[in-house]
Amino acid sequence: MRFALYVGVHVLLISRLVLFDLGWCFLYLGFLLFLPIGTPIVVQLLLSFGLGLTIDVFYDTGGLHAAAAVLLGFLRPWVLRLLTPRDGYDSADTVNVHQMGWQWFSVYMALLVMLHHAAFFLLELGSFRNLGLTMGKMLVSALFTSLALLIVQLLFFPVRRGRS
């Protein structure tokens, strides 16, 4: 259900938003970034490929989204291990700004979104001819995507109260 929601909103609404012909919002990444922490790597990779391929079908981008999404799915467990809190993760933990805190969430989001965007835009470029413009696209798009996903987190993910 969430898969269809992220793809539908991205394809029908968000894909039309472009900042100064320099920044694009990849809202569909929220589906992958907000998966439960305990999701097995194989499931993450299959979901990443399926999501990227679905977006590629809509935009005729020849696998760019699939390749970058699979990279994100592959790197996500590494980033989660890198950011593991002192007490570890609870088995029921999800990626949630309210639960994990602003600092953790910001680093998690920045690392994965920037790595995804670097892969996507460098694959799209296909050479190093316009590297400066591509770096600008990466940065502006990463900021745009991160801000949109933060808004999604704040609006649609519940604040979990203390356990009683």
# chains A, B, ... in the order shown; residues from 1 in each chain; ligands from 1
$ select_by_dssp --residues "chain A" --states "helix (DSSP H, G or I)" --output "number ranges by chain"
A: 2-12, 14-16, 29-33, 41-59, 64-82, 97-100, 102-125, 131-156
$ residues_around --residues "range 148-150 of chain A" --least-positions-apart "4" --cutoff "12 Å" --atoms "only C-alpha atoms" --output "number ranges by chain"
A: 6, 10, 14, 17, 24-34, 95-98, 102, 105-106, 108-110, 113, 141-144, 154-157
$ closest_residue --among "A:Leu19, A:Val43, A:Ala66, A:Leu80" --to "Gly136 in chain A" --atoms "only C-alpha atoms"
A:Leu19
$ closest_residue --among "A:Ile151, A:Ala67, A:Leu51, A:Gln103" --to "Phe121 in chain A" --atoms "only C-alpha atoms"
A:Ala67
$ atom_distance --atom1 "CA of Leu123 in chain A" --atom2 "CA of Thr61 in chain A"
10.7 Å
